[in-house]
file protein_1.txt (compact mmCIF, C-alpha atoms)
# COMPACT_ATOMS: atom_id res chain seq x y z
CA MET M 1 18.77 -9.54 -8.80
CA THR M 2 19.12 -7.88 -12.20
CA GLU M 3 20.75 -4.50 -11.83
CA ILE M 4 18.62 -1.82 -13.47
CA LEU M 5 20.44 1.33 -12.41
CA ALA M 6 23.92 1.66 -10.98
CA PHE M 7 25.81 4.74 -9.83
CA LYS M 8 29.50 4.09 -9.32
CA ASP M 9 31.60 6.68 -7.53
CA ILE M 10 29.81 9.60 -9.15
CA HIS M 11 31.56 12.98 -8.84
CA ARG M 12 30.15 16.22 -10.11
CA ALA M 13 31.12 19.78 -9.32
CA TYR M 14 29.77 23.00 -10.75
CA VAL M 15 31.95 25.61 -12.33
CA ARG M 16 32.53 27.61 -9.21
CA GLY M 17 34.22 24.62 -7.64
CA VAL M 18 31.23 23.71 -5.54
CA ASN M 19 31.22 19.96 -5.21
CA VAL M 20 27.70 18.65 -5.53
CA LEU M 21 28.41 14.94 -5.65
CA GLN M 22 31.58 13.50 -4.20
CA GLY M 23 31.63 9.79 -4.78
CA VAL M 24 28.06 8.51 -4.80
CA SER M 25 27.59 4.79 -5.30
CA PHE M 26 24.46 2.70 -5.07
CA SER M 27 22.35 0.57 -7.35
CA LEU M 28 18.76 -0.52 -7.86
CA GLY M 29 17.70 -4.06 -8.57
CA GLN M 30 14.68 -4.88 -10.67
CA GLY M 31 11.39 -3.95 -9.05
CA GLU M 32 13.00 -1.94 -6.27
CA VAL M 33 11.42 1.33 -5.21
CA VAL M 34 13.99 3.66 -3.71
CA GLY M 35 13.35 7.04 -2.13
CA LEU M 36 16.19 9.52 -2.62
CA LEU M 37 16.37 11.91 0.32
CA GLY M 38 18.49 14.88 1.23
CA LYS M 39 18.26 18.53 2.09
CA ASN M 40 17.90 21.11 -0.65
CA GLY M 41 21.17 21.25 -2.53
CA ALA M 42 22.20 17.74 -1.51
CA GLY M 43 22.54 16.78 -5.18
CA LYS M 44 19.37 14.74 -5.73
CA THR M 45 18.35 16.50 -8.93
CA THR M 46 21.93 16.44 -10.21
CA LEU M 47 22.11 12.69 -9.64
CA LEU M 48 18.83 12.06 -11.46
CA ARG M 49 19.95 14.24 -14.35
CA ILE M 50 23.16 12.24 -14.56
CA ALA M 51 21.11 9.05 -14.73
CA MET M 52 19.14 10.55 -17.61
CA GLY M 53 22.36 11.46 -19.42
CA MET M 54 21.43 15.16 -19.25
CA LEU M 55 24.56 15.84 -17.22
CA GLU M 56 27.84 14.02 -17.30
CA ALA M 57 29.66 12.75 -14.24
CA GLN M 58 33.14 14.21 -13.98
CA ARG M 59 34.33 11.01 -12.39
CA GLY M 60 32.64 7.66 -11.96
CA ALA M 61 30.06 5.96 -14.11
CA VAL M 62 26.33 5.48 -14.37
CA GLN M 63 24.69 2.54 -16.07
CA LEU M 64 21.06 1.87 -16.88
CA PHE M 65 20.30 -1.68 -17.97
CA GLY M 66 24.06 -2.01 -18.32
CA LEU M 67 24.18 0.89 -20.80
CA ASP M 68 25.85 4.29 -20.58
CA PRO M 69 23.13 6.96 -21.05
CA ARG M 70 25.61 9.36 -22.71
CA ARG M 71 26.72 6.78 -25.26
CA GLU M 72 23.38 5.20 -26.02
CA PRO M 73 20.82 7.85 -25.14
CA LEU M 74 18.03 6.56 -27.32
CA ALA M 75 18.28 2.93 -26.23
CA VAL M 76 18.25 4.08 -22.61
CA LYS M 77 15.51 6.69 -22.86
CA ARG M 78 13.09 4.33 -24.53
CA ARG M 79 13.12 2.22 -21.41
CA VAL M 80 12.97 5.05 -18.88
CA GLY M 81 10.23 7.40 -17.72
CA TYR M 82 11.35 10.69 -16.20
CA VAL M 83 9.44 13.44 -14.45
CA SER M 84 11.66 16.38 -13.62
CA GLU M 85 11.12 18.85 -10.85
CA GLU M 86 10.19 21.57 -13.25
CA GLN M 87 8.53 19.80 -16.09
CA ILE M 88 8.80 21.74 -19.29
CA LEU M 89 5.96 20.84 -21.58
CA PRO M 90 5.18 23.24 -24.40
CA PRO M 91 2.48 25.57 -22.98
CA PHE M 92 0.82 26.12 -26.36
CA LEU M 93 0.14 22.43 -27.02
CA SER M 94 -3.02 20.67 -25.96
CA VAL M 95 -2.94 17.68 -23.61
CA ARG M 96 -3.91 15.47 -26.52
CA ALA M 97 -1.05 16.78 -28.69
CA VAL M 98 1.52 16.22 -25.95
CA ILE M 99 0.30 12.67 -25.48
CA ALA M 100 0.36 12.07 -29.25
CA LEU M 101 3.94 13.34 -29.33
CA HIS M 102 5.07 10.86 -26.69
CA ARG M 103 3.14 8.10 -28.36
CA GLN M 104 5.23 8.65 -31.49
CA LEU M 105 8.49 8.74 -29.59
CA PHE M 106 8.00 5.47 -27.75
CA PRO M 107 7.44 2.21 -29.62
CA THR M 108 6.15 0.52 -26.47
CA TRP M 109 3.44 3.18 -25.85
CA ASP M 110 0.35 1.63 -24.25
CA ASP M 111 -2.86 3.37 -25.34
CA ASP M 112 -4.99 1.58 -22.78
CA LEU M 113 -2.77 2.64 -19.92
CA ALA M 114 -2.64 6.22 -21.19
CA ALA M 115 -6.43 6.33 -21.48
CA GLN M 116 -6.80 4.85 -18.04
CA LEU M 117 -4.46 7.41 -16.46
CA SER M 118 -6.06 10.24 -18.35
CA ALA M 119 -9.51 9.23 -17.11
CA ARG M 120 -8.24 8.81 -13.58
CA PHE M 121 -6.71 12.28 -13.56
CA GLY M 122 -9.77 13.75 -15.23
CA LEU M 123 -7.63 15.48 -17.83
CA SER M 124 -9.45 17.20 -20.60
CA PRO M 125 -7.67 16.38 -23.89
CA ARG M 126 -8.30 19.79 -25.42
CA ALA M 127 -6.91 21.88 -22.59
CA LYS M 128 -3.72 23.73 -23.40
CA ILE M 129 -0.77 22.88 -21.16
CA GLY M 130 -0.36 26.58 -20.36
CA THR M 131 -3.85 26.75 -18.82
CA LEU M 132 -3.39 23.75 -16.49
CA SER M 133 -2.78 24.03 -12.78
CA LYS M 134 0.58 22.91 -11.48
CA GLY M 135 -0.93 19.66 -10.26
CA GLU M 136 -2.60 18.92 -13.59
CA ALA M 137 0.63 19.66 -15.47
CA ARG M 138 2.42 17.15 -13.21
CA GLN M 139 -0.24 14.58 -13.97
CA VAL M 140 0.28 15.06 -17.69
CA ALA M 141 4.02 14.70 -17.10
CA LEU M 142 3.49 11.46 -15.18
CA LEU M 143 1.20 10.13 -17.85
CA CYS M 144 3.83 10.87 -20.49
CA ALA M 145 6.56 9.31 -18.37
CA ALA M 146 4.60 6.15 -17.62
CA GLY M 147 2.60 5.63 -20.83
CA HIS M 148 5.27 3.57 -22.52
CA ARG M 149 5.46 1.22 -19.53
CA PRO M 150 9.08 2.05 -18.75
CA GLU M 151 11.24 -0.45 -16.92
CA LEU M 152 12.61 2.38 -14.81
CA LEU M 153 10.84 5.49 -13.50
CA LEU M 154 12.92 8.44 -12.34
CA LEU M 155 10.82 10.99 -10.48
CA ASP M 156 12.29 14.22 -9.19
CA GLU M 157 10.09 15.61 -6.44
CA PRO M 158 7.00 14.18 -8.13
CA ALA M 159 4.66 15.60 -5.53
CA GLY M 160 6.30 19.02 -5.21
CA GLY M 161 3.68 21.74 -5.02
CA LEU M 162 0.71 19.37 -5.09
CA ASP M 163 -2.11 19.56 -2.59
CA PRO M 164 -2.67 16.55 -0.31
CA VAL M 165 -5.48 15.11 -2.43
CA MET M 166 -3.43 15.30 -5.62
CA ARG M 167 -0.41 13.91 -3.86
CA ARG M 168 -2.41 10.92 -2.71
CA GLU M 169 -3.75 10.45 -6.23
CA PHE M 170 -0.23 10.60 -7.61
CA LEU M 171 0.95 8.10 -5.01
CA GLU M 172 -1.85 5.68 -5.73
CA THR M 173 -1.18 5.89 -9.43
CA ALA M 174 2.47 5.11 -8.85
CA ILE M 175 1.45 2.14 -6.69
CA ASP M 176 -0.91 0.86 -9.33
CA LEU M 177 1.87 1.09 -11.89
CA LEU M 178 4.07 -0.94 -9.58
CA ASN M 179 1.33 -3.49 -9.18
CA GLU M 180 0.94 -3.85 -12.89
CA GLY M 181 4.44 -4.18 -14.11
CA GLY M 182 7.05 -4.43 -11.38
CA THR M 183 8.61 -1.15 -12.54
CA THR M 184 11.80 -0.06 -10.82
CA VAL M 185 11.48 3.43 -9.33
CA LEU M 186 13.92 6.01 -8.02
CA PHE M 187 12.20 9.12 -6.70
CA SER M 188 13.34 12.10 -4.70
CA SER M 189 10.97 13.64 -2.24
CA HIS M 190 10.70 15.88 0.76
CA TYR M 191 7.38 14.30 1.66
CA LEU M 192 8.68 11.58 3.94
CA PHE M 193 5.14 10.42 4.51
CA ASP M 194 4.90 9.48 0.82
CA VAL M 195 8.34 7.90 0.94
CA GLU M 196 7.23 5.67 3.82
CA ARG M 197 4.30 4.41 1.80
CA LEU M 198 5.93 3.98 -1.55
CA ALA M 199 9.58 3.12 -1.01
CA GLY M 200 11.09 -0.17 0.02
CA ARG M 201 14.46 1.42 0.59
CA VAL M 202 15.88 4.88 1.18
CA VAL M 203 19.13 6.50 0.17
CA MET M 204 20.03 9.68 2.01
CA LEU M 205 22.46 12.10 0.38
CA HIS M 206 24.36 14.55 2.47
CA GLU M 207 27.19 16.83 1.40
CA GLY M 208 27.63 14.92 -1.81
CA ARG M 209 27.85 11.49 -0.26
CA VAL M 210 25.53 8.65 0.64
CA LEU M 211 24.92 9.10 4.35
CA LEU M 212 22.51 6.21 4.69
CA ASP M 213 21.33 3.43 2.41
CA SER M 214 18.88 1.08 4.04
CA PRO M 215 15.68 -0.89 3.53
CA LEU M 216 12.90 1.13 5.14
CA ASP M 217 11.87 -1.64 7.51
CA ASP M 218 15.42 -1.95 8.77
CA LEU M 219 15.41 1.71 9.78
CA ARG M 220 12.94 0.86 12.47
CA GLU M 221 14.31 -2.53 13.38
CA ARG M 222 18.04 -1.97 13.25
CA TYR M 223 18.47 1.64 14.31
CA ALA M 224 17.72 3.47 17.51
CA LEU M 225 17.48 6.98 18.82
CA ALA M 226 19.02 7.41 22.26
CA LEU M 227 18.00 10.32 24.47
CA VAL M 228 20.90 10.74 26.86
CA PRO M 229 20.42 13.10 29.80
CA ARG M 230 23.05 15.79 30.06
CA GLY M 231 25.57 15.70 32.86
CA ASP M 232 27.30 12.48 33.88
CA GLY M 233 30.17 13.72 31.72
CA VAL M 234 28.71 12.40 28.49
CA THR M 235 29.60 14.62 25.53
CA ARG M 236 28.61 14.72 21.89
CA ASP M 237 32.12 13.69 20.90
CA GLY M 238 32.04 10.85 23.36
CA LEU M 239 28.85 9.53 21.78
CA LEU M 240 30.15 9.98 18.24
CA ALA M 241 33.24 7.94 19.15
CA LEU M 242 31.08 4.93 19.99
CA ASP M 243 30.73 2.03 17.61
CA GLY M 244 27.67 2.40 15.42
CA CYS M 245 26.90 6.03 16.32
CA LEU M 246 25.83 7.82 13.13
CA ALA M 247 24.97 11.21 14.49
CA ALA M 248 24.63 13.11 17.74
CA ARG M 249 23.36 16.53 18.58
CA GLU M 250 22.84 18.65 21.62
CA ARG M 251 19.30 19.56 22.52
CA ALA M 252 17.96 21.62 25.40
CA ASP M 253 18.38 19.10 28.19
CA ALA M 254 19.59 15.96 26.50
CA LEU M 255 21.85 14.63 23.80
CA HIS M 256 20.18 12.87 20.90
CA ALA M 257 22.19 10.16 19.19
CA VAL M 258 21.33 7.81 16.35
CA PHE M 259 22.84 4.32 16.52
CA GLN M 260 22.96 1.57 13.99
CA ALA M 261 21.73 -1.03 16.46
CA ASP M 262 18.31 -1.87 17.84
CA PRO M 263 17.12 -0.02 20.98
CA ARG M 264 18.01 -2.84 23.39
CA ARG M 265 21.56 -3.17 22.17
CA THR M 266 21.97 0.59 22.18
CA GLU M 267 20.78 0.73 25.77
CA ALA M 268 23.26 -1.99 26.71
CA LEU M 269 26.07 -0.16 24.90
CA LEU M 270 25.40 3.10 26.73
CA GLU M 271 25.26 1.32 30.04
CA ARG M 272 28.54 -0.46 29.37
CA GLU M 273 30.41 2.56 28.06
CA PHE M 274 29.11 5.34 30.25
CA GLY M 275 27.29 3.59 33.04
CA ILE M 276 24.10 5.35 31.95
CA THR M 277 20.94 3.60 32.99
CA GLY M 278 18.51 6.44 32.32
CA ALA M 279 18.98 6.63 28.55
CA ARG M 280 15.76 6.17 26.65
CA CYS M 281 16.37 4.26 23.47
CA ARG M 282 13.68 3.67 20.94
CA ALA M 283 12.96 2.86 17.33
CA ILE M 284 12.45 5.82 15.02
CA ALA M 285 10.39 6.50 11.95
CA LEU M 286 11.83 8.07 8.83
CA GLU M 287 11.09 11.75 9.40
CA GLU M 288 12.69 11.79 12.81
CA MET M 289 15.65 9.84 11.51
CA PHE M 290 16.10 12.37 8.73
CA ILE M 291 16.05 15.31 11.11
CA GLU M 292 18.38 13.66 13.60
CA LEU M 293 20.87 12.66 10.93
CA MET M 294 20.83 15.97 9.10
CA GLY M 295 21.12 17.91 12.32
CA GLY M 296 23.87 15.89 13.89
CA GLN M 297 25.89 13.90 11.40
CA LEU M 298 29.55 13.13 11.94
CA MET A 1 -11.97 -2.42 5.53
CA LEU A 2 -10.25 -4.62 8.08
CA PHE A 3 -6.80 -3.10 7.97
CA THR A 4 -5.25 0.28 8.61
CA VAL A 5 -1.62 1.26 8.63
CA ASP A 6 0.26 4.20 10.02
CA PRO A 7 3.37 4.69 7.90
CA GLN A 8 4.76 7.15 10.43
CA SER A 9 4.64 4.77 13.34
CA ASP A 10 7.94 3.40 14.56
CA VAL A 11 6.61 -0.09 13.83
CA PRO A 12 7.31 -1.09 10.21
CA VAL A 13 4.21 -1.26 8.03
CA TYR A 14 4.61 -4.98 7.28
CA ARG A 15 4.71 -5.70 11.02
CA GLN A 16 1.61 -3.59 11.63
CA LEU A 17 -0.20 -5.71 9.07
CA MET A 18 1.06 -8.96 10.53
CA GLU A 19 -0.07 -7.94 13.99
CA GLN A 20 -3.50 -6.94 12.72
CA VAL A 21 -4.03 -10.24 10.88
CA LYS A 22 -2.94 -12.18 13.96
CA PHE A 23 -5.17 -10.09 16.18
CA LEU A 24 -8.20 -10.48 13.93
CA ILE A 25 -7.71 -14.25 13.95
CA ALA A 26 -7.08 -14.54 17.69
CA SER A 27 -10.16 -12.44 18.41
CA GLY A 28 -12.32 -14.47 16.04
CA GLN A 29 -13.01 -11.68 13.54
CA LEU A 30 -11.17 -13.67 10.89
CA GLU A 31 -11.97 -17.36 10.87
CA PRO A 32 -10.23 -20.36 9.34
CA GLY A 33 -10.95 -20.46 5.63
CA ASP A 34 -11.62 -16.70 5.36
CA GLU A 35 -9.97 -15.11 2.34
CA LEU A 36 -7.47 -12.29 2.61
CA PRO A 37 -7.55 -9.41 0.11
CA SER A 38 -5.01 -9.74 -2.71
CA THR A 39 -1.70 -7.92 -2.50
CA ARG A 40 -2.83 -5.66 -5.28
CA THR A 41 -6.17 -4.75 -3.68
CA LEU A 42 -4.67 -4.12 -0.29
CA SER A 43 -1.75 -2.07 -1.60
CA SER A 44 -4.09 0.22 -3.56
CA GLU A 45 -6.51 0.59 -0.70
CA LEU A 46 -3.91 1.28 1.93
CA GLY A 47 -1.71 3.27 -0.43
CA VAL A 48 1.45 1.31 0.31
CA ASN A 49 4.01 -0.46 -1.85
CA PRO A 50 2.79 -3.94 -2.90
CA MET A 51 6.13 -5.41 -1.81
CA THR A 52 5.28 -4.42 1.76
CA ILE A 53 2.03 -6.37 1.60
CA SER A 54 3.67 -9.44 0.12
CA LYS A 55 6.35 -9.29 2.77
CA ALA A 56 3.69 -9.38 5.51
CA TYR A 57 1.80 -12.20 3.77
CA ASN A 58 4.98 -14.22 3.24
CA TYR A 59 5.91 -14.01 6.90
CA LEU A 60 2.38 -14.91 7.94
CA GLU A 61 2.52 -17.92 5.68
CA LYS A 62 5.87 -18.93 7.14
CA ASP A 63 4.45 -18.52 10.65
CA GLY A 64 1.67 -20.93 9.71
CA VAL A 65 -1.04 -18.29 10.02
CA LEU A 66 -2.08 -18.11 6.38
CA GLU A 67 -2.27 -20.71 3.69
CA ARG A 68 -1.30 -20.11 0.11
CA ARG A 69 -3.13 -21.97 -2.62
CA PRO A 70 -1.88 -21.65 -6.18
CA GLY A 71 -3.96 -19.17 -8.17
CA LEU A 72 -6.42 -18.58 -5.33
CA PRO A 73 -6.65 -15.99 -2.58
CA LEU A 74 -4.72 -16.60 0.63
CA ILE A 75 -6.85 -18.01 3.40
CA VAL A 76 -6.67 -18.20 7.17
CA LYS A 77 -5.27 -21.57 8.15
CA ALA A 78 -7.31 -23.89 10.38
CA LEU A 79 -6.24 -24.05 14.03
CA ASP A 80 -7.07 -26.37 16.92
CA ASP A 81 -8.00 -24.82 20.27
CA GLY A 82 -4.55 -25.37 21.72
CA GLN A 83 -2.92 -23.48 18.86
CA LEU A 84 -5.43 -20.66 19.18
CA GLN A 85 -4.57 -20.31 22.85
CA VAL A 86 -0.85 -20.20 22.03
CA ARG A 87 -1.57 -17.58 19.37
CA LYS A 88 -3.46 -15.43 21.85
CA GLU A 89 -0.68 -15.68 24.38
CA ASP A 90 1.96 -14.80 21.80
CA LEU A 91 -0.03 -11.77 20.84
CA LEU A 92 -0.33 -10.67 24.45
CA ARG A 93 3.38 -11.20 24.99
CA GLU A 94 4.19 -8.97 22.02
CA SER A 95 1.88 -6.22 23.25
CA LEU A 96 3.30 -6.40 26.74
CA ALA A 97 6.93 -6.12 25.63
CA PRO A 98 6.95 -2.30 25.64
CA ILE A 99 5.17 -2.34 29.01
CA VAL A 100 7.95 -4.52 30.40
CA ASP A 101 10.49 -1.95 29.20
CA MET A 102 8.55 0.82 30.86
CA VAL A 103 8.21 -1.05 34.14
CA ARG A 104 11.98 -1.49 34.21
CA GLN A 105 12.69 2.09 33.26
CA LEU A 106 10.41 3.35 36.01
CA GLY A 107 12.04 1.00 38.49
CA ILE A 108 8.72 -0.56 39.53
CA GLY A 109 9.03 -3.94 41.23
CA HIS A 110 7.58 -7.12 39.74
CA LYS A 111 4.94 -7.55 42.44
CA GLU A 112 3.89 -3.94 42.17
CA ALA A 113 3.52 -4.20 38.39
CA LEU A 114 1.50 -7.41 38.65
CA ARG A 115 -0.74 -5.85 41.30
CA ILE A 116 -1.49 -2.91 39.01
CA LEU A 117 -2.27 -5.20 36.06
CA GLY A 118 -4.52 -7.31 38.31
CA GLU A 119 -6.37 -4.22 39.52
CA MET A 120 -6.90 -2.97 36.02
CA LEU A 121 -8.26 -6.32 34.87
CA ASP A 122 -10.63 -6.36 37.87
CA ASP A 123 -11.81 -2.83 37.10
CA ALA A 124 -12.42 -3.69 33.46
CA GLN A 125 -14.45 -6.74 34.46
CA ARG A 126 -16.51 -4.77 36.97
CA GLU A 127 -17.28 -2.12 34.38
CA GLU A 128 -18.44 -4.77 31.96
CA GLU A 129 -20.73 -6.33 34.58
CA LEU A 130 -22.29 -2.95 35.33
CA ARG A 131 -23.20 -2.44 31.69
call {"tool": "encode", "arguments": {"input": "protein_1.txt", "output": "structure tokens"}}
result
Amino acid sequence: MTEILAFKDIHRAYVRGVNVLQGVSFSLGQGEVVGLLGKNGAGKTTLLRIAMGMLEAQRGAVQLFGLDPRREPLAVKRRVGYVSEEQILPPFLSVRAVIALHRQLFPTWDDDLAAQLSARFGLSPRAKIGTLSKGEARQVALLCAAGHRPELLLLDEPAGGLDPVMRREFLETAIDLLNEGGTTVLFSSHYLFDVERLAGRVVMLHEGRVLLDSPLDDLRERYALALVPRGDGVTRDGLLALDGCLAARERADALHAVFQADPRRTEALLEREFGITGARCRAIALEEMFIELMGGQL
Amino acid sequence: MLFTVDPQSDVPVYRQLMEQVKFLIASGQLEPGDELPSTRTLSSELGVNPMTISKAYNYLEKDGVLERRPGLPLIVKALDDGQLQVRKEDLLRESLAPIVDMVRQLGIGHKEALRILGEMLDDAQREEELR
């Protein structure tokens, strides 16, 4: 698979010595749609800004289409669409003027696609950016990011602050774009529901590192949540010491542990190691996985 | 629309789709030769990544459920009665798998479990006859 975006051992700290990213590595092949997850402050935005060349990694390297975005910013940016968390479009410009501006910047600008998106969003060309709602401003930003049919879309919390209807609209637009051109997408989101629909793979950042990198389908087929009754001398540390245990946390009357093995194998493991027969092991969906991992990682 | 998916279920979306296609065929709602919606149509309608749809379709083709024809929509493959019966039984087996787990977890004996299933089937039949 052609590598579109590659992070290699990315390190980035802010001035006060707070490490944001401490050795992040993963890459996206062509046509992949990857959801970037993590708690607030996990470094998602920082990572996307590094990909855009807006920030420099203090150690490690990022490559887009095999190019360094700091060395060849123009060549890279022409092929990328980016929607940042807080999109800054000039408030005094009209929608039409903003679109015209992007059209000039990108040689591959597709008027038909732009018109189609504009109609879909119901944007009025004369409206000033400053008078738009947050959702409408995001739609303009997406239109500008996608209008040149980029090979790579980087979306930072694209649905942040949107109501459910607008979020769905945004999601469907992204899906249509995928359908049309096989665009590669990396997007960060707290809306795990959207991630489940859109992404083929998820990368979870935690404390500056990649905690989990897995195809979405594998999450349900190759991982399990075990609910282990308390007592019987089973402890959190005991669970964490087991092969394949990613996280464990103590809840009111049971221990919850996430294993990188399907439910049946996890059940067998617990029986073998602790003689537990009453452990309920089951597949988990993304949101639960996120909460379990963030609340009980090693 | 024939299909629905629940992205928050603990069953992967592509598997949900596969199960629904198989169920619709086994229950006669989709017949041999019927066309399936295109990957593009289905992904827009369901609001899921097109790759997920193609994954389901590819597996269904590999399983001999669907037939791909170059440049044309996928269709339901023809089956003889024996194959249909096998298909139905496979489907039932898959649906019963979690029940088997539960029976074991509850420590219910085989005979007991079969008795309960038998009773429930009888009840369902009686209800149908009353209607």
call {"tool": "residues_around", "arguments": {"input": "protein_1.txt", "residues": "Gly160 of chain M", "least_positions_apart": "4", "cutoff": "10 Å", "atoms": "all atoms listed in the file", "output": "ChimeraX atom specification"}}
result
/M:85-86,134-135,138,156,167,188-191
call {"tool": "interface_residues", "arguments": {"input": "protein_1.txt", "of": "chain M", "to": "chain A", "cutoff": "9 Å", "atoms": "only C-alpha atoms", "output": "PyMOL selection string"}}
result
chain M and resi 32-33+168+171-173+175-176+178-180+192-194+196-200+216-221+277-278+280+282-287
call {"tool": "write_last_selection", "arguments": {"input": "protein_1.txt", "atoms": "C-alpha atoms", "output": "JSON list (two decimals), in the frame of the given file"}}
result
[["chain", "number", "residue", "atom", "x", "y", "z"],
["M", 32, "GLU", "CA", 13.00, -1.94, -6.27],
["M", 33, "VAL", "CA", 11.42, 1.33, -5.21],
["M", 168, "ARG", "CA", -2.41, 10.92, -2.71],
["M", 171, "LEU", "CA", 0.95, 8.10, -5.01],
["M", 172, "GLU", "CA", -1.85, 5.68, -5.73],
["M", 173, "THR", "CA", -1.18, 5.89, -9.43],
["M", 175, "ILE", "CA", 1.45, 2.14, -6.69],
["M", 176, "ASP", "CA", -0.91, 0.86, -9.33],
["M", 178, "LEU", "CA", 4.07, -0.94, -9.58],
["M", 179, "ASN", "CA", 1.33, -3.49, -9.18],
["M", 180, "GLU", "CA", 0.94, -3.85, -12.89],
["M", 192, "LEU", "CA", 8.68, 11.58, 3.94],
["M", 193, "PHE", "CA", 5.14, 10.42, 4.51],
["M", 194, "ASP", "CA", 4.90, 9.48, 0.82],
["M", 196, "GLU", "CA", 7.23, 5.67, 3.82],
["M", 197, "ARG", "CA", 4.30, 4.41, 1.80],
["M", 198, "LEU", "CA", 5.93, 3.98, -1.55],
["M", 199, "ALA", "CA", 9.58, 3.12, -1.01],
["M", 200, "GLY", "CA", 11.09, -0.17, 0.02],
["M", 216, "LEU", "CA", 12.90, 1.13, 5.14],
["M", 217, "ASP", "CA", 11.87, -1.64, 7.51],
["M", 218, "ASP", "CA", 15.42, -1.95, 8.77],
["M", 219, "LEU", "CA", 15.41, 1.71, 9.78],
["M", 220, "ARG", "CA", 12.94, 0.86, 12.47],
["M", 221, "GLU", "CA", 14.31, -2.53, 13.38],
["M", 277, "THR", "CA", 20.94, 3.60, 32.99],
["M", 278, "GLY", "CA", 18.51, 6.44, 32.32],
["M", 280, "ARG", "CA", 15.76, 6.17, 26.65],
["M", 282, "ARG", "CA", 13.68, 3.67, 20.94],
["M", 283, "ALA", "CA", 12.96, 2.86, 17.33],
["M", 284, "ILE", "CA", 12.45, 5.82, 15.02],
["M", 285, "ALA", "CA", 10.39, 6.50, 11.95],
["M", 286, "LEU", "CA", 11.83, 8.07, 8.83],
["M", 287, "GLU", "CA", 11.09, 11.75, 9.40]]
call {"tool": "atom_distance", "arguments": {"input": "protein_1.txt", "atom1": "atom CA of Tyr82 of chain M", "atom2": "atom CA of Met54 of chain M"}}
result
11.4 Å
call {"tool": "closest_residue", "arguments": {"input": "protein_1.txt", "among": "M:Leu225, M:Val34, M:Leu55, M:Met204", "to": "Ala261 of chain M", "atoms": "all atoms listed in the file"}}
result
M:Leu225
call {"tool": "residues_around", "arguments": {"input": "protein_1.txt", "residues": "Arg69 of chain A", "least_positions_apart": "6", "cutoff": "12 Å", "atoms": "all atoms listed in the file", "output": "PyMOL selection string"}}
result
chain A and resi 33+35-36+61+75-77
call {"tool": "atom_distance", "arguments": {"input": "protein_1.txt", "atom1": "atom CA of Ala224 of chain M", "atom2": "atom CA of Ala257 of chain M"}}
result
8.2 Å
call {"tool": "atom_distance", "arguments": {"input": "protein_1.txt", "atom1": "atom CA of Glu151 of chain M", "atom2": "atom CA of Thr183 of chain M"}}
result
5.2 Å
call {"tool": "decode", "arguments": {"input": "protein_1.txt", "residues": "segment 241-254 of chain M", "atoms": "C-alpha atoms", "output": "CSV table (one decimal), in the first residue's frame"}}
result
chain,number,residue,atom,x,y,z
M,241,ALA,CA,0.6,-9.0,34.9
M,242,LEU,CA,-1.2,-11.4,32.5
M,243,ASP,CA,-0.3,-11.7,28.9
M,244,GLY,CA,-2.4,-9.5,26.7
M,245,CYS,CA,-3.9,-7.4,29.5
M,246,LEU,CA,-4.0,-3.8,28.3
M,247,ALA,CA,-5.8,-2.2,31.2
M,248,ALA,CA,-7.6,-3.0,34.4
M,249,ARG,CA,-9.5,-0.9,36.9
M,250,GLU,CA,-11.4,-1.4,40.1
M,251,ARG,CA,-15.1,-0.8,40.0
M,252,ALA,CA,-17.7,-1.1,42.7
M,253,ASP,CA,-18.0,-4.9,42.9
M,254,ALA,CA,-15.8,-6.2,40.1
